[in-house]
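Here the structure is laid out as structure tokens; the discussion comes afterwards.
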Amino acid sequence: MKNKEEILNRIAIALEEIRPFLKSDGGDISLVDLDEDGTVKVQLHGACSGCSVNQMTLKSGVEMTIKKHVPEVSSVIEIGSL
């Protein structure tokens with residue numbers, strides 16, 4: 001993947017756009033890794049980590065926003081609690 005640092009910066013911008021919505025529900029998100037194939041690994045925190053709709057939030061909210069900022073991203077997955 002070309003210029004991983006620049007892509008990570010754009011992912012961080014996307015996460016900052018998403019963060020207020022997650023925090024309003026008592027949760028948060030952090031970037032864990034970016035794989036060479038364009039898969040972004042994130043971890044949900046707080047209320048978001050145990051929420052029954054977190055997969056919907058991940059796909060319709062998080063993944064869509066990240067792909068808007070970073071079209072190179074192929075998918076976003078949640079890795080669960082570390």
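Letters A, B, ... mark the chains of the structure tokens in the order given; residue numbers begin at 1 per chain; ligand numbers begin at 1, in order shown.
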
Assign secondary structure with DSSP using the backbone only, and return the residues of region 22-60 of chain A in helix (DSSP H, G or I) as a ChimeraX atom specification. /A:22-24,54-60

Could you list, as an MDAnalysis selection string, every residue within 12 Å of region 20-24 of chain A, counting only C-alpha atoms and ignoring same-chain residues fewer than 2 positions away? chainID A and resid 14:18 26:30 44:49 51 54 57:58 61:62

Could you list, with a cut-off of 7 Å and counting only C-alpha atoms, the residues of region 13-52 of chain A near region 65-81 of chain A, each shown with its nearest atom pair and the distance in Å rounded to one decimal, rows sorted by chain and ascending number, as a Markdown table?
| residue | atom | partner | partner_atom | distance |
| --- | --- | --- | --- | --- |
| A:Ala14 | CA | A:Ile66 | CA | 5.3 |
| A:Gly38 | CA | A:Val73 | CA | 4.6 |
| A:Thr39 | CA | A:Ser75 | CA | 4.9 |
| A:Val40 | CA | A:Val76 | CA | 4.7 |
| A:Lys41 | CA | A:Ile77 | CA | 5.1 |
| A:Val42 | CA | A:Glu78 | CA | 5.0 |
| A:Gln43 | CA | A:Glu78 | CA | 5.4 |
| A:Leu44 | CA | A:Glu78 | CA | 7.0 |

Save out the residues we just selected, N, CA and C atoms, as a PDB file, in the first residue's frame.
ATOM      1  N   ALA A  14     -11.167  10.742   9.371  1.00  0.00           N
ATOM      2  CA  ALA A  14     -12.483  10.107   9.271  1.00  0.00           C
ATOM      3  C   ALA A  14     -12.991   9.689  10.644  1.00  0.00           C
ATOM      4  N   GLY A  38      -5.524  -3.217   2.517  1.00  0.00           N
ATOM      5  CA  GLY A  38      -6.482  -2.120   2.663  1.00  0.00           C
ATOM      6  C   GLY A  38      -7.541  -2.354   3.719  1.00  0.00           C
ATOM      7  N   THR A  39      -7.362  -3.380   4.545  1.00  0.00           N
ATOM      8  CA  THR A  39      -8.300  -3.640   5.631  1.00  0.00           C
ATOM      9  C   THR A  39      -7.909  -2.806   6.847  1.00  0.00           C
ATOM     10  N   VAL A  40      -8.860  -2.026   7.331  1.00  0.00           N
ATOM     11  CA  VAL A  40      -8.649  -1.205   8.523  1.00  0.00           C
ATOM     12  C   VAL A  40      -9.180  -1.976   9.720  1.00  0.00           C
ATOM     13  N   LYS A  41      -8.359  -2.094  10.757  1.00  0.00           N
ATOM     14  CA  LYS A  41      -8.781  -2.745  11.995  1.00  0.00           C
ATOM     15  C   LYS A  41      -9.015  -1.667  13.046  1.00  0.00           C
ATOM     16  N   VAL A  42     -10.210  -1.694  13.629  1.00  0.00           N
ATOM     17  CA  VAL A  42     -10.561  -0.727  14.663  1.00  0.00           C
ATOM     18  C   VAL A  42     -11.023  -1.472  15.907  1.00  0.00           C
ATOM     19  N   GLN A  43     -11.038  -0.750  17.012  1.00  0.00           N
ATOM     20  CA  GLN A  43     -11.578  -1.294  18.248  1.00  0.00           C
ATOM     21  C   GLN A  43     -12.623  -0.320  18.772  1.00  0.00           C
ATOM     22  N   LEU A  44     -13.795  -0.860  19.077  1.00  0.00           N
ATOM     23  CA  LEU A  44     -14.857  -0.063  19.674  1.00  0.00           C
ATOM     24  C   LEU A  44     -14.717  -0.129  21.188  1.00  0.00           C
TER      25      LEU A  44
END

Among chain A, which residues carry a DSSP assignment of strand (DSSP E or B), reported as a PyMOL selection string? chain A and resi 27-34+39-46+75-78

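Rounded to one decimal, CA of Arg19 (chain A) and CA of Leu31 (chain A) lie 11.6 Å from each other.
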